[in-house]
Amino acid sequence: MATPAGVHGTVRSGEGLPLRGVRVEVDGTGQAVTDSLGHYAVGALLPGSHDLRFVAPWYAPRRMSVLLSDASDLALDVELSPVVVILPSIGVTAAPPTATAVSAPSRAEGTAELGQYRIGSGWQGDMLTQGVDIQKAIAAVPGVVGRGEDATSLSMRGGSASENLWLLDGIPIYGGSHFGNASSAILPDAISYMNVHTGVTSARFGGRLSGVVELETADSTPSAAGITGAVNASDVRALVRGALPMAHGSYLLGGRTSFRSAWQTADGLTQESAYRDFIGVARLNAAGGSLRVVSFLSGNKLGLEPGSPIVVSSATGDSGDNGSGQLSGGTMLGWKSSSIGATWTQLGADGLEVRLRSWYSGATADITWLPEWGSSRLRSTVSELGMSAEGGREWAHGSNLFGLSLVRPTTSYAVAQLSTDAAIASAASTRTATPTTASLFTEWSWRPNNQLVSRIGMRGNATSGARMNVEPRVDISYYTSADTHFDLGAGRTHQTLQSMFNEENLLGTLIGLELPSAANGAIPTASADQIGLGIGHRVSSRITLTADSYLRRWSGVPLPANTTGGVFVTDSVVIGRGHSSGVVLGATYAGRALSAHAAMSFARSVREYDGGSYHAGVERPWSVAGIFDYRLGHRTLAQLSLGAGTGEPSSITGAGVDWRPDHLPTQSGELEGTPVNLPGPVNIERLPGFTRIDVGLRRSWPLGIAGRSGALTTSLRVVNLLNTTNSIGVVAAAGSSLRLVRGTPRGLGFEVGWLF
């Protein structure tokens, strides 16, 4: 939902060093203070002219005038000159900067868009009670929900997780999540800010039905060179950044590894589980423009303890074979993803901006699924080659954007039945497809005055072997006064890559996994239509109220109904349709020491197929959530987060399955047995309502090592403070009774971070 504009940037000295503690005044009133990296951000400014003044001890004050012609964010970097003493070059670092983790809804690039949210620079500093994680930060955005207590599988406005487009510096990524309490596979320290689009997006985005998440890494300068990282009870991560002087650019390299199993059995034995992540970014000056190269790698493996002894013959020596031809133990899952791409951008003297991009993105999944009455093995792969070209130009009262793209994904999805007495039987289901999709889009933004901001776009997609699809999109914001505005969004999207993952399975609550299969004879291209209405009102300079409503309908989507009780489709595909609707009421308070964000949501999400329908597992008829921050000086942050609401729909899982989240240091545990849904209606039960309160405290400690200044941060959090018995699933018990699977109990989490 749109809000007034903001100004952000970096304040540096003449030597290029970031300046901390610089007071930023807007129209004579102090609005912000720069953090340890020199960053500042001022929000909620009305379109028009504003006077900015930057004041710091020992530096000459600097005054600048800015003209905000629309509600876009303005990037403004400032350099201050010393007036009394010229200080030698020093490196000043401290704890990671704190900022509003989830900013109020904002418009980027001077365009209107209902349901767009900016998670601004320094967001890591406010991720405390849930841990520093990208997907958990996104789950706090209105209109976005996870499943159960985890954020491994995110739904935007009632859609499935596979219907969200993830972009890392503009490069698509697949399977960017782990399992359990370890959600995102992307290092949080590498991401400067995020744009989350939950509504009708720009025409430049295509290929997904629901939302779009833009993850942007930060530029590095000589003064910002250093290393950051953190260690907790389950993994360790580190990030190195610096400059490439010879290439007039910068680099960023980071990695993370689990050093112990995130899941353990009740008797203390470790299950087979691990994950590894890598990210690398380089920025160079090339051919009169700027070249950015990004790479991403992630790998996961997870073994589930059997609920009862299972022995299955295997004719291969694949993972899980004990060497004697006997495959014993529980379900084995392994998945990995990789992306590499390059973007070249040039801004011409006439205001024309050109962007060329090429990429490769892929993912594989290998699952040995062992229910008690048989077994099967799935291997799913996707590899995507793509290229795009975009151009845009600003003019007096708006802008034009146009572009084209060519994408060629190759998908393979094969399921083989494992015999209990011989070899692997013939494949029960094999699907391969290599469609090529060419897209052409154009978009026109119009801002005739300070009251109206509008955007109209059109996208056309032509896929080999299918008819051309047209996607009209429109977003409009209208200010009735300086403090009140109304927003409207409507549009259509299409999706060629569908997922065979059964999200209505208990395992879908605990892991984030994509099993893509491209449109072919059995799987159509899915489509979705959406309309949204919103209103925003600024009560005062500190309080903002918002309301966001939406209605979505989609068709041509594979559903788990009547197909499989497992985590993936093993036989015929059921193609269905669905609809969702909801209202999100939000409130934001930004004080000097206390800040708060609260939201109340009312939502409905239904899947339909020939012969039946069911409520999706992401549906929460009503829920409330809030985050309250209190800053005890500039080094200490206390945070409380709360959530409450009705329970989610759930299918009944077969007997012998249990989730025991009793490993308190990591708030994780053991998933015992093979989660297979019982035959019958999908999501026939609804879980009880939930209530959860988490609290946390973070403190930074200045530290110098080998002449280099830095800081350590210590974070302590209490999860589920009230020890409420929240449920994540329903399991069949003895006789005809049912048993609830409990979520995370009360526990402690501790993390140590560093910045040098």
# chains A, B, ... in the order shown; residues from 1 in each chain; ligands from 1

$ closest_atom_pairs --of "stretch 134-153 of chain A" --to "stretch 603-610 of chain A" --cutoff "12 Å" --atoms "only C-alpha atoms" --output "JSON lines"
{"residue": "A:Pro142", "atom": "CA", "partner": "A:Ala603", "partner_atom": "CA", "distance": 11.2}
{"residue": "A:Gly143", "atom": "CA", "partner": "A:Ala603", "partner_atom": "CA", "distance": 8.8}
{"residue": "A:Val144", "atom": "CA", "partner": "A:Ala603", "partner_atom": "CA", "distance": 10.8}
{"residue": "A:Val145", "atom": "CA", "partner": "A:Ala603", "partner_atom": "CA", "distance": 10.6}

$ closest_residue --among "A:Asn232, A:His248, A:Val78, A:Ser517" --to "A:Gly131" --atoms "only C-alpha atoms"
A:Asn232

$ closest_residue --among "A:Thr331, A:Thr345, A:Ser613, A:Thr198" --to "A:Tyr550" --atoms "only C-alpha atoms"
A:Thr198

$ closest_atom_pairs --of "stretch 491-565 of chain A" --to "stretch 110-128 of chain A" --cutoff "12 Å" --atoms "only C-alpha atoms" --output "tab-separated table"
residue	atom	partner	partner_atom	distance
A:Gly491	CA	A:Glu113	CA	11.4
A:Gln530	CA	A:Leu114	CA	11.4
A:Ile531	CA	A:Leu114	CA	9.7
A:Gly532	CA	A:Leu114	CA	7.2
A:Leu533	CA	A:Leu114	CA	7.5
A:Gly534	CA	A:Leu114	CA	7.0
A:Ile535	CA	A:Leu114	CA	9.4
A:Gly536	CA	A:Leu114	CA	10.7
A:Thr546	CA	A:Gly115	CA	10.9
A:Ala547	CA	A:Gly115	CA	10.2
A:Asp548	CA	A:Gly115	CA	7.4
A:Ser549	CA	A:Gly115	CA	9.3
A:Tyr550	CA	A:Gly115	CA	9.4

$ write_last_selection --atoms "N, CA and C atoms" --output "CSV table (one decimal), in the first residue's frame"
chain,number,residue,atom,x,y,z
A,491,GLY,N,-5.0,-6.8,-12.2
A,491,GLY,CA,-4.2,-7.4,-13.2
A,491,GLY,C,-4.3,-8.9,-13.3
A,530,GLN,N,-6.5,-10.7,-10.2
A,530,GLN,CA,-6.5,-10.1,-8.9
A,530,GLN,C,-6.9,-8.7,-8.9
A,531,ILE,N,-7.7,-8.3,-7.9
A,531,ILE,CA,-8.1,-6.9,-7.7
A,531,ILE,C,-7.9,-6.5,-6.3
A,532,GLY,N,-7.4,-5.3,-6.0
A,532,GLY,CA,-7.2,-4.9,-4.6
A,532,GLY,C,-7.6,-3.5,-4.4
A,533,LEU,N,-8.0,-3.1,-3.2
A,533,LEU,CA,-8.3,-1.8,-2.8
A,533,LEU,C,-7.6,-1.5,-1.5
A,534,GLY,N,-7.2,-0.3,-1.3
A,534,GLY,CA,-6.5,0.1,-0.1
A,534,GLY,C,-6.7,1.5,0.3
A,535,ILE,N,-6.4,1.8,1.6
A,535,ILE,CA,-6.4,3.2,2.0
A,535,ILE,C,-5.3,3.4,3.1
A,536,GLY,N,-4.7,4.6,3.1
A,536,GLY,CA,-3.7,4.9,4.1
A,536,GLY,C,-4.0,6.2,4.7
A,546,THR,N,-3.3,1.8,8.0
A,546,THR,CA,-3.5,1.3,6.6
A,546,THR,C,-4.6,0.3,6.6
A,547,ALA,N,-5.2,0.1,5.5
A,547,ALA,CA,-6.1,-1.0,5.2
A,547,ALA,C,-5.9,-1.5,3.8
A,548,ASP,N,-5.8,-2.8,3.6
A,548,ASP,CA,-5.5,-3.4,2.4
A,548,ASP,C,-6.5,-4.6,2.1
A,549,SER,N,-7.2,-4.6,1.1
A,549,SER,CA,-8.1,-5.7,0.8
A,549,SER,C,-7.8,-6.2,-0.6
A,550,TYR,N,-8.2,-7.5,-0.8
A,550,TYR,CA,-7.9,-8.1,-2.1
A,550,TYR,C,-8.8,-9.3,-2.4

$ atom_distance --atom1 "atom CA of A:Val682" --atom2 "atom CA of A:Ser651"
5.4 Å

$ atom_distance --atom1 "atom CA of A:Leu37" --atom2 "atom CA of A:Thr10"
7.7 Å

$ residues_around --residues "stretch 202-215 of chain A" --least-positions-apart "3" --cutoff "9 Å" --atoms "only C-alpha atoms" --output "number ranges by chain"
A: 113, 138, 155-170, 191-199, 390, 401-404, 439-443, 455-459, 461, 471-475, 492-497, 526-529, 554

$ residues_around --residues "A:Ala238" --least-positions-apart "6" --cutoff "9 Å" --atoms "only C-alpha atoms" --output "VMD selection string"
chain A and resid 187 189 227 to 231 253 to 256

$ closest_residue --among "A:Ser445, A:Gln498, A:Ser727, A:Ser380" --to "A:Arg147" --atoms "only C-alpha atoms"
A:Ser727

$ atom_distance --atom1 "atom CA of A:Met500" --atom2 "atom CA of A:Arg379"
11.6 Å

$ decode --residues "stretch 402-556 of chain A" --atoms "C-alpha atoms" --output "PDB file, in the first residue's frame"
ATOM      1  CA  PHE A 402       9.610  -1.426 -22.142  1.00  0.00           C
ATOM      2  CA  GLY A 403      11.424  -4.707 -22.554  1.00  0.00           C
ATOM      3  CA  LEU A 404      11.527  -8.278 -23.764  1.00  0.00           C
ATOM      4  CA  SER A 405      12.774 -11.612 -22.452  1.00  0.00           C
ATOM      5  CA  LEU A 406      13.417 -15.146 -23.660  1.00  0.00           C
ATOM      6  CA  VAL A 407      13.319 -18.023 -21.151  1.00  0.00           C
ATOM      7  CA  ARG A 408      13.878 -21.721 -21.817  1.00  0.00           C
ATOM      8  CA  PRO A 409      13.364 -24.037 -18.810  1.00  0.00           C
ATOM      9  CA  THR A 410      13.957 -27.776 -18.946  1.00  0.00           C
ATOM     10  CA  THR A 411      12.163 -29.874 -16.346  1.00  0.00           C
ATOM     11  CA  SER A 412      12.246 -33.572 -15.577  1.00  0.00           C
ATOM     12  CA  TYR A 413      10.002 -35.234 -13.019  1.00  0.00           C
ATOM     13  CA  ALA A 414      10.274 -39.000 -12.569  1.00  0.00           C
ATOM     14  CA  VAL A 415       8.794 -41.266  -9.897  1.00  0.00           C
ATOM     15  CA  ALA A 416       9.889 -44.914  -9.614  1.00  0.00           C
ATOM     16  CA  GLN A 417       8.270 -47.555  -7.431  1.00  0.00           C
ATOM     17  CA  LEU A 418      10.708 -49.596  -5.292  1.00  0.00           C
ATOM     18  CA  SER A 419       9.873 -53.266  -5.025  1.00  0.00           C
ATOM     19  CA  THR A 420       9.955 -54.933  -1.619  1.00  0.00           C
ATOM     20  CA  ASP A 421      11.529 -58.125  -2.932  1.00  0.00           C
ATOM     21  CA  ALA A 422      13.463 -57.339  -6.108  1.00  0.00           C
ATOM     22  CA  ALA A 423      14.630 -54.372  -8.093  1.00  0.00           C
ATOM     23  CA  ILE A 424      13.266 -50.974  -8.946  1.00  0.00           C
ATOM     24  CA  ALA A 425      10.124 -51.343 -10.998  1.00  0.00           C
ATOM     25  CA  SER A 426       9.324 -49.296 -14.065  1.00  0.00           C
ATOM     26  CA  ALA A 427       8.741 -45.594 -13.533  1.00  0.00           C
ATOM     27  CA  ALA A 428       5.186 -44.898 -12.450  1.00  0.00           C
ATOM     28  CA  SER A 429       5.282 -41.297 -13.619  1.00  0.00           C
ATOM     29  CA  THR A 430       7.743 -39.510 -15.889  1.00  0.00           C
ATOM     30  CA  ARG A 431       7.257 -35.988 -17.172  1.00  0.00           C
ATOM     31  CA  THR A 432       9.755 -33.968 -19.181  1.00  0.00           C
ATOM     32  CA  ALA A 433       9.218 -30.647 -20.903  1.00  0.00           C
ATOM     33  CA  THR A 434      11.292 -27.890 -22.498  1.00  0.00           C
ATOM     34  CA  PRO A 435       9.013 -24.983 -23.355  1.00  0.00           C
ATOM     35  CA  THR A 436      10.382 -21.672 -24.618  1.00  0.00           C
ATOM     36  CA  THR A 437       8.613 -18.512 -23.515  1.00  0.00           C
ATOM     37  CA  ALA A 438       9.097 -15.153 -25.227  1.00  0.00           C
ATOM     38  CA  SER A 439       7.700 -12.112 -23.447  1.00  0.00           C
ATOM     39  CA  LEU A 440       7.218  -8.507 -24.475  1.00  0.00           C
ATOM     40  CA  PHE A 441       6.046  -5.791 -22.111  1.00  0.00           C
ATOM     41  CA  THR A 442       5.473  -2.076 -21.963  1.00  0.00           C
ATOM     42  CA  GLU A 443       4.467   0.151 -19.091  1.00  0.00           C
ATOM     43  CA  TRP A 444       3.438   3.781 -18.791  1.00  0.00           C
ATOM     44  CA  SER A 445       3.491   5.770 -15.543  1.00  0.00           C
ATOM     45  CA  TRP A 446       1.651   9.083 -15.282  1.00  0.00           C
ATOM     46  CA  ARG A 447       1.987  11.644 -12.484  1.00  0.00           C
ATOM     47  CA  PRO A 448       0.140  14.790 -13.598  1.00  0.00           C
ATOM     48  CA  ASN A 449       0.113  16.367 -10.118  1.00  0.00           C
ATOM     49  CA  ASN A 450       0.765  15.664  -6.455  1.00  0.00           C
ATOM     50  CA  GLN A 451      -2.595  13.940  -6.043  1.00  0.00           C
ATOM     51  CA  LEU A 452      -2.580  11.239  -8.726  1.00  0.00           C
ATOM     52  CA  VAL A 453      -0.035   8.502  -9.386  1.00  0.00           C
ATOM     53  CA  SER A 454      -0.967   5.852 -11.935  1.00  0.00           C
ATOM     54  CA  ARG A 455       0.664   2.998 -13.804  1.00  0.00           C
ATOM     55  CA  ILE A 456      -0.695   0.998 -16.734  1.00  0.00           C
ATOM     56  CA  GLY A 457       1.158  -1.970 -18.181  1.00  0.00           C
ATOM     57  CA  MET A 458       0.705  -4.793 -20.649  1.00  0.00           C
ATOM     58  CA  ARG A 459       2.679  -8.021 -20.899  1.00  0.00           C
ATOM     59  CA  GLY A 460       2.409 -10.626 -23.634  1.00  0.00           C
ATOM     60  CA  ASN A 461       3.753 -14.172 -23.299  1.00  0.00           C
ATOM     61  CA  ALA A 462       4.111 -16.654 -26.154  1.00  0.00           C
ATOM     62  CA  THR A 463       5.054 -20.211 -25.147  1.00  0.00           C
ATOM     63  CA  SER A 464       6.004 -22.912 -27.627  1.00  0.00           C
ATOM     64  CA  GLY A 465       3.088 -25.244 -28.221  1.00  0.00           C
ATOM     65  CA  ALA A 466       0.579 -22.956 -26.506  1.00  0.00           C
ATOM     66  CA  ARG A 467      -1.449 -19.888 -27.314  1.00  0.00           C
ATOM     67  CA  MET A 468      -0.262 -16.392 -26.473  1.00  0.00           C
ATOM     68  CA  ASN A 469      -1.281 -14.991 -23.095  1.00  0.00           C
ATOM     69  CA  VAL A 470      -1.935 -11.298 -22.445  1.00  0.00           C
ATOM     70  CA  GLU A 471      -1.549  -9.721 -19.007  1.00  0.00           C
ATOM     71  CA  PRO A 472      -3.033  -6.235 -18.473  1.00  0.00           C
ATOM     72  CA  ARG A 473      -2.104  -4.517 -15.197  1.00  0.00           C
ATOM     73  CA  VAL A 474      -3.052  -1.222 -13.595  1.00  0.00           C
ATOM     74  CA  ASP A 475      -2.202   0.519 -10.305  1.00  0.00           C
ATOM     75  CA  ILE A 476      -3.610   3.884  -9.201  1.00  0.00           C
ATOM     76  CA  SER A 477      -3.127   5.967  -6.050  1.00  0.00           C
ATOM     77  CA  TYR A 478      -5.089   9.137  -5.323  1.00  0.00           C
ATOM     78  CA  TYR A 479      -4.414  11.585  -2.480  1.00  0.00           C
ATOM     79  CA  THR A 480      -7.558  13.229  -1.169  1.00  0.00           C
ATOM     80  CA  SER A 481      -5.437  15.238   1.275  1.00  0.00           C
ATOM     81  CA  ALA A 482      -1.860  15.468   2.430  1.00  0.00           C
ATOM     82  CA  ASP A 483      -2.448  12.641   4.906  1.00  0.00           C
ATOM     83  CA  THR A 484      -4.966  10.343   3.203  1.00  0.00           C
ATOM     84  CA  HIS A 485      -4.795   8.330  -0.006  1.00  0.00           C
ATOM     85  CA  PHE A 486      -6.729   5.551  -1.756  1.00  0.00           C
ATOM     86  CA  ASP A 487      -5.186   2.794  -3.857  1.00  0.00           C
ATOM     87  CA  LEU A 488      -6.492   0.475  -6.579  1.00  0.00           C
ATOM     88  CA  GLY A 489      -4.753  -2.427  -8.309  1.00  0.00           C
ATOM     89  CA  ALA A 490      -5.960  -4.978 -10.876  1.00  0.00           C
ATOM     90  CA  GLY A 491      -4.177  -7.369 -13.187  1.00  0.00           C
ATOM     91  CA  ARG A 492      -3.578 -10.835 -14.609  1.00  0.00           C
ATOM     92  CA  THR A 493      -0.571 -13.176 -14.402  1.00  0.00           C
ATOM     93  CA  HIS A 494       0.410 -16.570 -15.867  1.00  0.00           C
ATOM     94  CA  GLN A 495       2.720 -19.367 -14.739  1.00  0.00           C
ATOM     95  CA  THR A 496       4.326 -22.028 -16.937  1.00  0.00           C
ATOM     96  CA  LEU A 497       6.320 -23.908 -14.270  1.00  0.00           C
ATOM     97  CA  GLN A 498       3.975 -25.715 -11.885  1.00  0.00           C
ATOM     98  CA  SER A 499       4.932 -27.529  -8.697  1.00  0.00           C
ATOM     99  CA  MET A 500       4.215 -31.187  -7.937  1.00  0.00           C
ATOM    100  CA  PHE A 501       4.874 -30.626  -4.230  1.00  0.00           C
ATOM    101  CA  ASN A 502       1.961 -31.464  -1.943  1.00  0.00           C
ATOM    102  CA  GLU A 503       1.762 -28.519   0.428  1.00  0.00           C
ATOM    103  CA  GLU A 504      -1.210 -30.088   2.197  1.00  0.00           C
ATOM    104  CA  ASN A 505       1.105 -32.649   3.793  1.00  0.00           C
ATOM    105  CA  LEU A 506       2.611 -32.344   7.281  1.00  0.00           C
ATOM    106  CA  LEU A 507       6.108 -32.265   5.781  1.00  0.00           C
ATOM    107  CA  GLY A 508       5.067 -29.218   3.750  1.00  0.00           C
ATOM    108  CA  THR A 509       4.839 -27.334   7.040  1.00  0.00           C
ATOM    109  CA  LEU A 510       8.443 -28.088   7.952  1.00  0.00           C
ATOM    110  CA  ILE A 511      10.410 -27.868   4.690  1.00  0.00           C
ATOM    111  CA  GLY A 512      10.462 -25.450   1.782  1.00  0.00           C
ATOM    112  CA  LEU A 513      10.772 -27.449  -1.421  1.00  0.00           C
ATOM    113  CA  GLU A 514       9.920 -26.855  -5.075  1.00  0.00           C
ATOM    114  CA  LEU A 515       9.287 -29.707  -7.531  1.00  0.00           C
ATOM    115  CA  PRO A 516       8.815 -27.814 -10.805  1.00  0.00           C
ATOM    116  CA  SER A 517       7.208 -29.367 -13.869  1.00  0.00           C
ATOM    117  CA  ALA A 518       6.746 -27.264 -16.991  1.00  0.00           C
ATOM    118  CA  ALA A 519       3.456 -27.009 -18.835  1.00  0.00           C
ATOM    119  CA  ASN A 520       2.870 -29.867 -21.273  1.00  0.00           C
ATOM    120  CA  GLY A 521      -0.041 -32.018 -22.385  1.00  0.00           C
ATOM    121  CA  ALA A 522      -1.099 -32.933 -18.825  1.00  0.00           C
ATOM    122  CA  ILE A 523      -0.195 -29.651 -17.135  1.00  0.00           C
ATOM    123  CA  PRO A 524      -1.577 -26.378 -18.520  1.00  0.00           C
ATOM    124  CA  THR A 525      -0.315 -22.838 -18.100  1.00  0.00           C
ATOM    125  CA  ALA A 526      -1.963 -21.467 -14.972  1.00  0.00           C
ATOM    126  CA  SER A 527      -3.557 -18.019 -14.808  1.00  0.00           C
ATOM    127  CA  ALA A 528      -4.662 -15.703 -12.015  1.00  0.00           C
ATOM    128  CA  ASP A 529      -6.689 -12.491 -11.802  1.00  0.00           C
ATOM    129  CA  GLN A 530      -6.457 -10.100  -8.886  1.00  0.00           C
ATOM    130  CA  ILE A 531      -8.057  -6.874  -7.739  1.00  0.00           C
ATOM    131  CA  GLY A 532      -7.177  -4.901  -4.632  1.00  0.00           C
ATOM    132  CA  LEU A 533      -8.333  -1.790  -2.796  1.00  0.00           C
ATOM    133  CA  GLY A 534      -6.491   0.063  -0.053  1.00  0.00           C
ATOM    134  CA  ILE A 535      -6.433   3.199   2.045  1.00  0.00           C
ATOM    135  CA  GLY A 536      -3.730   4.876   4.106  1.00  0.00           C
ATOM    136  CA  HIS A 537      -4.002   7.676   6.643  1.00  0.00           C
ATOM    137  CA  ARG A 538      -1.238   9.439   8.542  1.00  0.00           C
ATOM    138  CA  VAL A 539      -2.660  10.350  11.934  1.00  0.00           C
ATOM    139  CA  SER A 540       0.479  12.204  13.002  1.00  0.00           C
ATOM    140  CA  SER A 541       4.175  12.308  12.222  1.00  0.00           C
ATOM    141  CA  ARG A 542       4.576   9.113  14.261  1.00  0.00           C
ATOM    142  CA  ILE A 543       1.392   7.099  13.603  1.00  0.00           C
ATOM    143  CA  THR A 544       0.172   5.673  10.296  1.00  0.00           C
ATOM    144  CA  LEU A 545      -2.926   3.522   9.728  1.00  0.00           C
ATOM    145  CA  THR A 546      -3.486   1.346   6.647  1.00  0.00           C
ATOM    146  CA  ALA A 547      -6.106  -1.035   5.236  1.00  0.00           C
ATOM    147  CA  ASP A 548      -5.521  -3.425   2.350  1.00  0.00           C
ATOM    148  CA  SER A 549      -8.130  -5.702   0.767  1.00  0.00           C
ATOM    149  CA  TYR A 550      -7.851  -8.142  -2.136  1.00  0.00           C
ATOM    150  CA  LEU A 551      -9.722 -10.739  -4.189  1.00  0.00           C
ATOM    151  CA  ARG A 552      -7.844 -13.349  -6.258  1.00  0.00           C
ATOM    152  CA  ARG A 553      -9.026 -16.125  -8.568  1.00  0.00           C
ATOM    153  CA  TRP A 554      -6.834 -18.631 -10.374  1.00  0.00           C
ATOM    154  CA  SER A 555      -7.164 -21.728 -12.559  1.00  0.00           C
ATOM    155  CA  GLY A 556      -5.021 -24.431 -14.158  1.00  0.00           C
TER     156      GLY A 556
END
